[in-house]
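Just start-v8.cif here, mmCIF, C-alpha atoms and all ligand atoms:
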data_query
#
loop_
_atom_site.label_atom_id
_atom_site.label_comp_id
_atom_site.auth_asym_id
_atom_site.auth_seq_id
_atom_site.Cartn_x
_atom_site.Cartn_y
_atom_site.Cartn_z
CA MET T 1 102.24 131.56 79.09
CA SER T 2 99.16 132.54 77.08
CA LYS T 3 96.63 135.34 77.25
CA TYR T 4 93.96 132.68 77.68
CA TRP T 5 95.41 131.49 80.98
CA SER T 6 93.79 132.50 84.25
CA PRO T 7 95.97 134.53 86.67
CA ILE T 8 96.10 131.48 88.97
CA VAL T 9 97.50 129.23 86.25
CA SER T 10 99.93 131.94 85.08
CA ALA T 11 101.36 132.19 88.60
CA LEU T 12 101.34 128.43 89.24
CA LYS T 13 104.55 126.47 89.77
CA PRO T 14 103.38 123.00 88.75
CA TYR T 15 104.63 119.97 90.65
CA VAL T 16 107.27 118.07 88.71
CA PRO T 17 106.69 114.32 89.10
CA GLY T 18 109.66 112.00 89.43
CA GLU T 19 110.82 110.58 86.12
CA GLN T 20 109.44 107.29 84.85
CA PRO T 21 112.21 106.30 82.44
CA ARG T 22 111.80 103.18 80.33
CA MET T 23 115.23 101.64 80.12
CA ALA T 24 116.08 97.97 80.21
CA ASN T 25 117.84 96.75 83.33
CA LEU T 26 117.28 99.99 85.18
CA VAL T 27 117.49 100.17 88.98
CA LYS T 28 114.66 102.60 89.61
CA LEU T 29 115.00 104.06 93.10
CA ASN T 30 113.60 107.55 92.45
CA THR T 31 109.86 107.61 93.17
CA ASN T 32 109.37 105.49 96.30
CA GLU T 33 107.39 102.74 94.62
CA SER T 34 107.38 99.25 96.05
CA PRO T 35 109.97 96.93 94.52
CA TYR T 36 107.54 94.05 94.97
CA ALA T 37 104.52 93.02 92.92
CA PRO T 38 101.16 93.58 94.59
CA SER T 39 99.35 90.70 96.25
CA ASP T 40 98.03 88.01 93.86
CA LYS T 41 94.63 88.50 95.45
CA VAL T 42 94.63 92.10 94.21
CA ILE T 43 95.40 91.04 90.65
CA GLU T 44 92.68 88.36 90.78
CA SER T 45 90.11 90.88 92.02
CA ILE T 46 91.02 93.38 89.33
CA ARG T 47 90.74 90.64 86.69
CA ALA T 48 87.30 89.72 87.98
CA ALA T 49 86.23 93.38 87.93
CA ALA T 50 87.47 93.80 84.35
CA SER T 51 84.19 92.44 83.00
CA ALA T 52 81.21 93.56 80.95
CA ASP T 53 80.14 95.50 84.05
CA LEU T 54 82.69 98.14 83.06
CA ARG T 55 79.91 99.63 80.92
CA LEU T 56 78.26 100.65 84.21
CA TYR T 57 79.40 103.54 86.37
CA PRO T 58 81.15 102.47 89.57
CA ASP T 59 79.68 103.00 93.02
CA PRO T 60 80.20 106.77 93.50
CA LEU T 61 80.34 106.22 97.27
CA ALA T 62 82.85 103.35 97.00
CA LEU T 63 81.00 101.96 99.98
CA ASP T 64 82.47 98.44 99.99
CA LEU T 65 85.99 99.84 99.92
CA ARG T 66 85.23 102.38 102.63
CA LYS T 67 83.72 99.60 104.75
CA ALA T 68 86.84 97.48 104.30
CA ILE T 69 89.14 100.38 105.25
CA ALA T 70 86.92 101.36 108.19
CA ALA T 71 86.90 97.77 109.46
CA ARG T 72 90.70 97.66 109.47
CA TYR T 73 90.91 100.81 111.59
CA GLY T 74 87.93 100.10 113.85
CA LEU T 75 85.95 103.02 112.42
CA GLU T 76 82.72 103.65 110.49
CA PRO T 77 82.62 103.98 106.66
CA GLU T 78 81.37 107.56 107.13
CA GLU T 79 84.76 108.31 108.69
CA VAL T 80 86.59 107.24 105.52
CA PHE T 81 87.02 109.11 102.24
CA VAL T 82 88.64 107.52 99.19
CA GLY T 83 90.16 109.12 96.12
CA ASN T 84 92.28 108.64 93.05
CA GLY T 85 95.61 108.41 94.86
CA SER T 86 96.34 110.34 98.04
CA ASP T 87 97.34 113.27 95.82
CA GLU T 88 93.69 113.69 94.89
CA VAL T 89 92.57 113.24 98.49
CA LEU T 90 95.09 115.92 99.50
CA ALA T 91 93.88 118.23 96.71
CA HIS T 92 90.33 117.90 98.06
CA ALA T 93 91.62 118.66 101.55
CA PHE T 94 93.37 121.79 100.27
CA ALA T 95 90.19 122.90 98.51
CA GLY T 96 87.77 121.98 101.27
CA LEU T 97 89.61 122.27 104.57
CA LEU T 98 92.90 124.14 104.37
CA LYS T 99 91.94 127.58 103.04
CA HIS T 100 91.23 130.09 105.81
CA ASP T 101 91.94 133.73 106.69
CA GLN T 102 95.14 132.75 108.45
CA PRO T 103 97.97 131.01 106.57
CA LEU T 104 98.39 127.30 106.09
CA LEU T 105 101.52 125.98 107.85
CA TYR T 106 103.72 123.17 106.57
CA PRO T 107 107.42 122.29 106.82
CA ASP T 108 109.76 124.16 104.46
CA ILE T 109 111.33 120.85 103.45
CA SER T 110 108.42 118.58 102.69
CA TYR T 111 106.22 117.15 99.96
CA SER T 112 106.53 119.53 97.02
CA PHE T 113 102.89 119.12 96.06
CA TYR T 114 101.84 121.28 99.05
CA PRO T 115 103.05 124.60 97.58
CA THR T 116 101.53 123.63 94.23
CA TYR T 117 98.11 122.94 95.71
CA ALA T 118 98.34 126.10 97.81
CA GLY T 119 99.00 128.07 94.60
CA LEU T 120 96.20 126.32 92.73
CA PHE T 121 93.65 127.04 95.45
CA GLY T 122 94.96 130.54 96.32
CA ILE T 123 95.98 129.65 99.88
CA ASP T 124 98.47 131.81 101.84
CA VAL T 125 101.19 129.71 103.40
CA VAL T 126 103.98 129.88 105.94
CA GLU T 127 106.74 127.34 105.36
CA VAL T 128 108.03 126.43 108.82
CA PRO T 129 111.77 125.57 108.84
CA LEU T 130 112.88 122.12 109.92
CA ASP T 131 115.12 122.04 113.00
CA ALA T 132 118.91 121.66 112.89
CA ALA T 133 118.63 117.84 112.68
CA PHE T 134 116.15 118.07 109.75
CA GLY T 135 113.27 117.14 112.08
CA ILE T 136 109.89 118.76 112.67
CA ASP T 137 109.57 120.57 116.02
CA ILE T 138 105.90 121.04 116.80
CA ALA T 139 106.76 124.04 119.04
CA ASP T 140 107.53 125.92 115.79
CA TYR T 141 103.85 125.55 114.83
CA ARG T 142 102.70 127.68 117.80
CA ARG T 143 101.85 130.69 115.65
CA PRO T 144 98.75 132.08 113.97
CA ALA T 145 97.49 129.43 111.57
CA GLY T 146 94.39 128.70 109.56
CA ALA T 147 95.37 125.05 109.16
CA ILE T 148 98.37 122.73 109.29
CA ILE T 149 99.55 119.92 107.05
CA LEU T 150 102.60 117.74 107.48
CA PRO T 151 103.74 114.32 106.38
CA ASN T 152 104.59 111.78 109.04
CA PRO T 153 107.17 110.42 108.39
CA ASN T 154 108.27 113.53 106.57
CA ALA T 155 109.36 113.36 102.95
CA PRO T 156 112.04 113.56 101.67
CA THR T 157 113.81 113.25 105.03
CA GLY T 158 112.10 110.02 106.16
CA ILE T 159 112.14 111.26 109.75
CA GLY T 160 109.00 110.43 111.76
CA LEU T 161 107.38 112.14 114.72
CA PRO T 162 106.20 110.01 117.66
CA LEU T 163 102.46 109.77 118.25
CA ALA T 164 102.71 111.94 121.39
CA ALA T 165 104.09 114.84 119.33
CA ILE T 166 101.35 114.49 116.71
CA GLU T 167 98.73 114.37 119.46
CA ALA T 168 100.19 117.50 121.10
CA LEU T 169 100.10 119.33 117.74
CA VAL T 170 96.48 118.35 117.11
CA ALA T 171 95.47 119.20 120.70
CA GLU T 172 97.21 122.59 120.55
CA HIS T 173 95.19 123.63 117.48
CA PRO T 174 91.60 122.66 118.32
CA ASP T 175 90.19 125.35 116.00
CA GLN T 176 92.28 124.43 112.97
CA PRO T 177 92.15 121.37 110.74
CA VAL T 178 95.39 119.41 111.06
CA VAL T 179 96.14 117.03 108.18
CA ILE T 180 98.72 114.30 108.73
CA ASP T 181 99.92 112.83 105.43
CA GLU T 182 100.89 109.25 106.25
CA ALA T 183 101.99 108.11 102.78
CA TYR T 184 104.99 106.33 104.34
CA VAL T 185 103.70 105.46 107.82
CA ASP T 186 103.53 101.70 107.29
CA PHE T 187 107.33 101.40 107.18
CA GLY T 188 107.78 101.99 110.91
CA GLY T 189 106.08 105.30 111.68
CA ASP T 190 103.44 106.00 114.35
CA SER T 191 100.00 106.32 112.76
CA ALA T 192 97.60 108.97 114.05
CA THR T 193 94.53 106.99 112.95
CA THR T 194 94.02 105.93 116.58
CA LEU T 195 93.55 109.61 117.53
CA VAL T 196 90.67 110.17 115.10
CA PRO T 197 87.86 109.28 117.56
CA LYS T 198 89.31 111.79 120.05
CA TYR T 199 90.01 114.84 117.84
CA GLU T 200 87.45 116.41 115.52
CA ASN T 201 90.12 118.56 113.81
CA LEU T 202 92.35 115.66 112.70
CA LEU T 203 92.43 114.23 109.18
CA VAL T 204 94.82 111.36 108.43
CA VAL T 205 95.65 110.67 104.77
CA GLN T 206 97.12 107.38 103.56
CA THR T 207 97.83 105.70 100.23
CA PHE T 208 97.83 102.28 98.58
CA SER T 209 100.80 103.39 96.44
CA LYS T 210 103.66 102.46 98.75
CA SER T 211 103.05 99.75 101.35
CA ARG T 212 100.40 98.07 99.18
CA ALA T 213 102.49 98.31 95.98
CA LEU T 214 99.65 99.89 94.01
CA ALA T 215 101.04 103.21 92.77
CA GLY T 216 99.68 102.35 89.32
CA LEU T 217 96.12 101.77 90.56
CA ARG T 218 95.80 105.28 92.10
CA VAL T 219 93.97 104.78 95.39
CA GLY T 220 94.35 106.87 98.52
CA PHE T 221 92.12 107.57 101.50
CA ALA T 222 91.50 109.89 104.40
CA ILE T 223 90.28 109.06 107.88
CA GLY T 224 88.58 111.64 110.08
CA GLN T 225 85.42 112.49 111.91
CA ARG T 226 82.28 112.99 109.83
CA PRO T 227 82.34 116.79 109.37
CA LEU T 228 85.84 116.70 107.88
CA ILE T 229 84.98 113.75 105.62
CA GLU T 230 81.84 115.57 104.51
CA ALA T 231 83.97 118.54 103.38
CA LEU T 232 86.00 116.22 101.14
CA GLU T 233 82.81 114.64 99.77
CA ARG T 234 81.40 118.05 98.92
CA VAL T 235 84.54 118.90 96.95
CA LYS T 236 84.53 115.48 95.25
CA ASP T 237 80.90 115.78 94.21
CA SER T 238 81.63 119.22 92.78
CA PHE T 239 84.58 117.91 90.79
CA ASN T 240 84.21 114.24 89.77
CA SER T 241 81.72 112.17 91.67
CA TYR T 242 83.22 108.90 90.32
CA PRO T 243 86.89 109.20 91.21
CA LEU T 244 87.52 105.49 91.63
CA GLY T 245 86.77 103.10 88.79
CA ARG T 246 85.45 99.58 89.27
CA THR T 247 88.85 97.94 88.91
CA ALA T 248 90.46 100.33 91.40
CA GLN T 249 87.72 99.75 93.96
CA ALA T 250 87.96 95.96 93.56
CA GLY T 251 91.76 95.90 93.75
CA ALA T 252 91.91 98.17 96.77
CA ILE T 253 89.35 96.06 98.68
CA ALA T 254 91.47 92.96 98.11
CA ALA T 255 94.62 94.87 99.11
CA ILE T 256 93.31 96.20 102.41
CA LYS T 257 92.12 92.70 103.35
CA ASP T 258 95.41 90.96 102.60
CA GLU T 259 97.08 91.54 105.94
CA ALA T 260 99.55 88.64 105.47
CA TRP T 261 100.97 90.07 102.22
CA PHE T 262 101.12 93.53 103.80
CA GLU T 263 103.03 92.41 106.90
CA GLN T 264 105.46 90.27 104.97
CA THR T 265 106.25 92.90 102.33
CA ARG T 266 106.69 95.86 104.60
CA GLY T 267 108.88 93.72 106.86
CA LYS T 268 111.15 92.94 103.91
CA ILE T 269 111.40 96.62 102.97
CA ILE T 270 112.19 97.68 106.54
CA ALA T 271 114.92 95.00 106.77
CA SER T 272 116.41 96.12 103.42
CA ARG T 273 116.35 99.74 104.60
CA GLU T 274 118.32 98.89 107.72
CA LYS T 275 120.81 96.89 105.68
CA LEU T 276 121.26 99.64 103.08
CA THR T 277 121.60 102.29 105.80
CA GLY T 278 124.51 100.33 107.28
CA GLU T 279 126.16 99.92 103.90
CA LEU T 280 125.86 103.62 103.10
CA LYS T 281 127.25 104.59 106.51
CA ASN T 282 130.18 102.20 105.98
CA ARG T 283 130.98 104.17 102.83
CA GLY T 284 131.04 107.51 104.66
CA PHE T 285 127.43 108.63 104.04
CA GLU T 286 125.43 110.50 106.62
CA VAL T 287 122.00 108.84 106.55
CA LEU T 288 119.06 110.49 108.29
CA PRO T 289 117.08 108.07 110.50
CA SER T 290 114.30 106.84 108.20
CA GLN T 291 110.93 105.37 109.03
CA ALA T 292 109.95 105.34 105.36
CA ASN T 293 110.61 103.20 102.27
CA PHE T 294 113.50 105.47 101.29
CA VAL T 295 116.61 106.94 102.87
CA PHE T 296 117.91 110.49 102.66
CA ALA T 297 121.70 110.50 102.60
CA ARG T 298 124.68 112.71 101.79
CA HIS T 299 128.38 112.11 101.38
CA PRO T 300 130.89 114.66 102.71
CA GLY T 301 133.14 114.25 99.67
CA HIS T 302 130.60 114.21 96.84
CA GLY T 303 127.82 116.61 95.86
CA GLY T 304 124.30 115.28 95.46
CA GLN T 305 123.80 116.34 91.87
CA THR T 306 127.10 114.82 90.72
CA LEU T 307 126.45 111.59 92.58
CA ALA T 308 122.96 111.31 91.07
CA ALA T 309 124.39 111.89 87.58
CA LYS T 310 127.15 109.31 88.05
CA LEU T 311 124.64 106.76 89.33
CA ARG T 312 122.46 107.44 86.31
CA GLU T 313 125.43 106.65 84.02
CA ARG T 314 125.36 103.26 85.74
CA ALA T 315 121.59 102.85 85.19
CA VAL T 316 120.70 103.57 88.83
CA ILE T 317 118.14 106.37 89.18
CA VAL T 318 117.76 108.16 92.52
CA ARG T 319 116.16 111.51 93.38
CA HIS T 320 118.08 114.72 93.88
CA PHE T 321 116.42 117.99 94.98
CA ALA T 322 118.04 121.25 93.91
CA LYS T 323 116.82 123.00 97.04
CA PRO T 324 118.83 124.99 99.60
CA ARG T 325 119.89 122.94 102.68
CA ILE T 326 119.20 119.59 101.00
CA SER T 327 120.97 119.90 97.64
CA ASP T 328 123.82 117.66 98.85
CA PHE T 329 121.37 114.84 99.68
CA LEU T 330 120.09 111.92 97.64
CA ARG T 331 116.71 110.35 98.27
CA ILE T 332 117.05 106.66 97.60
CA THR T 333 114.01 104.40 97.45
CA ILE T 334 114.47 101.01 99.10
CA GLY T 335 114.58 98.40 96.35
CA THR T 336 114.93 94.65 96.57
CA ASP T 337 118.15 93.50 98.21
CA GLU T 338 119.47 92.83 94.71
CA GLU T 339 118.68 96.37 93.55
CA CYS T 340 120.25 97.84 96.69
CA ALA T 341 123.36 95.74 96.01
CA ARG T 342 123.53 97.18 92.48
CA LEU T 343 123.29 100.68 93.93
CA VAL T 344 126.09 99.95 96.39
CA ALA T 345 128.25 98.42 93.65
CA ALA T 346 127.73 101.55 91.53
CA LEU T 347 128.67 103.74 94.50
CA ASP T 348 131.82 101.69 95.03
CA GLU T 349 132.86 102.56 91.47
CA ILE T 350 132.12 106.25 92.01
CA LEU T 351 133.38 107.02 95.53
N1 LIG O 401 102.20 112.27 100.15
C1 LIG O 401 103.53 112.17 100.10
C2 LIG O 401 104.34 112.71 101.22
C3 LIG O 401 104.13 111.55 98.99
O1 LIG O 401 105.47 111.47 98.91
C4 LIG O 401 103.33 111.03 97.96
C5 LIG O 401 103.95 110.31 96.78
N2 LIG O 401 104.60 111.09 95.87
C6 LIG O 401 101.96 111.21 98.05
C7 LIG O 401 101.42 111.81 99.17
C8 LIG O 401 101.01 110.81 96.94
O2 LIG O 401 100.98 109.49 96.66
P1 LIG O 401 99.76 108.87 95.83
O3 LIG O 401 99.06 109.97 95.10
O4 LIG O 401 100.41 107.89 94.93
O5 LIG O 401 98.86 108.24 96.85
#
Conversion result in structure tokens:
Amino acid sequence: MSKYWSPIVSALKPYVPGEQPRMANLVKLNTNESPYAPSDKVIESIRAAASADLRLYPDPLALDLRKAIAARYGLEPEEVFVGNGSDEVLAHAFAGLLKHDQPLLYPDISYSFYPTYAGLFGIDVVEVPLDAAFGIDIADYRRPAGAIILPNPNAPTGIGLPLAAIEALVAEHPDQPVVIDEAYVDFGGDSATTLVPKYENLLVVQTFSKSRALAGLRVGFAIGQRPLIEALERVKDSFNSYPLGRTAQAGAIAAIKDEAWFEQTRGKIIASREKLTGELKNRGFEVLPSQANFVFARHPGHGGQTLAAKLRERAVIVRHFAKPRISDFLRITIGTDEECARLVAALDEIL
């Protein structure tokens, strides 16, 4: 705290990112990264972009990347916005679309950046409780709202909503922007991108960090009809009109085009998730049904914090949230089969 701080910063509860420890031989299952290297084509494109041209500013419109994303989803580049990770895209949505006279609604157990952005941009919120099974019930969102944001699948539960439920939510709030954060959708969720041509109030946000294994490149995007995309562009141009560097643009273009790598890698992660879910259940864990690249699990005989600490002693890092209702859970990122086996072996020593 300092007298030089603005009231907003003084009142802010900053988001605490997951740890990035540097230990040899660590099994790092705490921040939902991909356990696999990105496509070789991505690395080649980044190498090619790392040239003398770096002295020049990048394309502020990132038009080639937006064209490549639009082509994949059967849309126009004007219906695509790109940013420095989906966190930045979400921040622009908070600043440009989610502040209204009525409160912003989001699930009470959800991505912890939402309350931080709401604080940063001075947005009133209502945190809508999850249902008894830790799911999102869209009937609970039938209340006065200025805007709605929710992840699908939700994080940290991993539970996804079917497309029909998302469509009903969007259709029930024609006067409010509804943002669906699809950071994890490629691991078995239903994507709402197909609804974009039909609903002018829908914005879908995705990332290259998870299913494209590019968390370190920082590229995310939003898909929506032109007026919503224009709001994000206005915020971007008032903040940093060059959010994506040349290497990020080049790498992301190669990534979105490499459908074979994408299908193969996400298939492996989904298969490992199903295998790990079975192994955890065999050891007495309750595992919520996940459509993401992580599982959310608790053991009736062992508290979440203790389990996380004992795993850490065995060089396995998972995520624990000290939050009411979920403090007995662990969020475990799906690693390679070998990493998952090391997790299970560590659990067998502990349980
Ligand atoms: N949304 C959700 C629900 C997430 O869990 C994350 C990753 N922490 C993000 C968005 C942001 O990911 P990135 O900025 O790497 O695209």
Around ligand LIG 401 (chain O), at most 9 Å away and counting only C-alpha atoms and all ligand atoms, which residues are there? Put them as a ChimeraX atom specification, please. /T:17-18,31-33,83-90,110-113,150-156,181-184,205-210,214-221
Store the residues picked out above in a file with C-alpha atoms, as an mmCIF file, keeping the file's coordinate frame.
data_model
loop_
_atom_site.group_PDB
_atom_site.id
_atom_site.type_symbol
_atom_site.label_atom_id
_atom_site.label_comp_id
_atom_site.auth_asym_id
_atom_site.auth_seq_id
_atom_site.Cartn_x
_atom_site.Cartn_y
_atom_site.Cartn_z
ATOM 1 C CA PRO T 17 106.690 114.320 89.100
ATOM 2 C CA GLY T 18 109.660 112.000 89.430
ATOM 3 C CA THR T 31 109.860 107.610 93.170
ATOM 4 C CA ASN T 32 109.370 105.490 96.300
ATOM 5 C CA GLU T 33 107.390 102.740 94.620
ATOM 6 C CA GLY T 83 90.160 109.120 96.120
ATOM 7 C CA ASN T 84 92.280 108.640 93.050
ATOM 8 C CA GLY T 85 95.610 108.410 94.860
ATOM 9 C CA SER T 86 96.340 110.340 98.040
ATOM 10 C CA ASP T 87 97.340 113.270 95.820
ATOM 11 C CA GLU T 88 93.690 113.690 94.890
ATOM 12 C CA VAL T 89 92.570 113.240 98.490
ATOM 13 C CA LEU T 90 95.090 115.920 99.500
ATOM 14 C CA SER T 110 108.420 118.580 102.690
ATOM 15 C CA TYR T 111 106.220 117.150 99.960
ATOM 16 C CA SER T 112 106.530 119.530 97.020
ATOM 17 C CA PHE T 113 102.890 119.120 96.060
ATOM 18 C CA LEU T 150 102.600 117.740 107.480
ATOM 19 C CA PRO T 151 103.740 114.320 106.380
ATOM 20 C CA ASN T 152 104.590 111.780 109.040
ATOM 21 C CA PRO T 153 107.170 110.420 108.390
ATOM 22 C CA ASN T 154 108.270 113.530 106.570
ATOM 23 C CA ALA T 155 109.360 113.360 102.950
ATOM 24 C CA PRO T 156 112.040 113.560 101.670
ATOM 25 C CA ASP T 181 99.920 112.830 105.430
ATOM 26 C CA GLU T 182 100.890 109.250 106.250
ATOM 27 C CA ALA T 183 101.990 108.110 102.780
ATOM 28 C CA TYR T 184 104.990 106.330 104.340
ATOM 29 C CA VAL T 205 95.650 110.670 104.770
ATOM 30 C CA GLN T 206 97.120 107.380 103.560
ATOM 31 C CA THR T 207 97.830 105.700 100.230
ATOM 32 C CA PHE T 208 97.830 102.280 98.580
ATOM 33 C CA SER T 209 100.800 103.390 96.440
ATOM 34 C CA LYS T 210 103.660 102.460 98.750
ATOM 35 C CA LEU T 214 99.650 99.890 94.010
ATOM 36 C CA ALA T 215 101.040 103.210 92.770
ATOM 37 C CA GLY T 216 99.680 102.350 89.320
ATOM 38 C CA LEU T 217 96.120 101.770 90.560
ATOM 39 C CA ARG T 218 95.800 105.280 92.100
ATOM 40 C CA VAL T 219 93.970 104.780 95.390
ATOM 41 C CA GLY T 220 94.350 106.870 98.520
ATOM 42 C CA PHE T 221 92.120 107.570 101.500
#
Within 10 Å of Leu169 of chain T using all atoms listed in the file, minus same-chain residues under 6 positions, as an mmCIF file with C-alpha atoms, keeping the file's coordinate frame:
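Output below, filename result12.cif:
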data_model
loop_
_atom_site.group_PDB
_atom_site.id
_atom_site.type_symbol
_atom_site.label_atom_id
_atom_site.label_comp_id
_atom_site.auth_asym_id
_atom_site.auth_seq_id
_atom_site.Cartn_x
_atom_site.Cartn_y
_atom_site.Cartn_z
ATOM 1 C CA ASP T 137 109.570 120.570 116.020
ATOM 2 C CA ILE T 138 105.900 121.040 116.800
ATOM 3 C CA ALA T 139 106.760 124.040 119.040
ATOM 4 C CA TYR T 141 103.850 125.550 114.830
ATOM 5 C CA ARG T 142 102.700 127.680 117.800
ATOM 6 C CA ILE T 148 98.370 122.730 109.290
ATOM 7 C CA LEU T 163 102.460 109.770 118.250
ATOM 8 C CA VAL T 178 95.390 119.410 111.060
ATOM 9 C CA LEU T 202 92.350 115.660 112.700
#
One decimal, in Å: what's the spacing between atom CA of Ala50 of chain T and atom CA of Ala213 of chain T?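 Pair atom CA of Ala50 of chain T / atom CA of Ala213 of chain T returns 19.5 Å.
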So that I can see what lies close to segment 321-333 of chain T, please list as a count of residues only the residues with an atom at most 7 Å from it, counting all atoms listed in the file and leaving out residues fewer than 3 positions away in the same chain.
14
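One distance worth recording is that between atom CA of Ser191 of chain T and atom CA of Pro227 of chain T, which is 20.8 Å.
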Exercise for the section: Quote the spacing between atom CA of Ser34 of chain T and atom CA of Ser51 of chain T in Å to one decimal place. Expected result: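 That distance, rounded to one decimal, is 27.5 Å.
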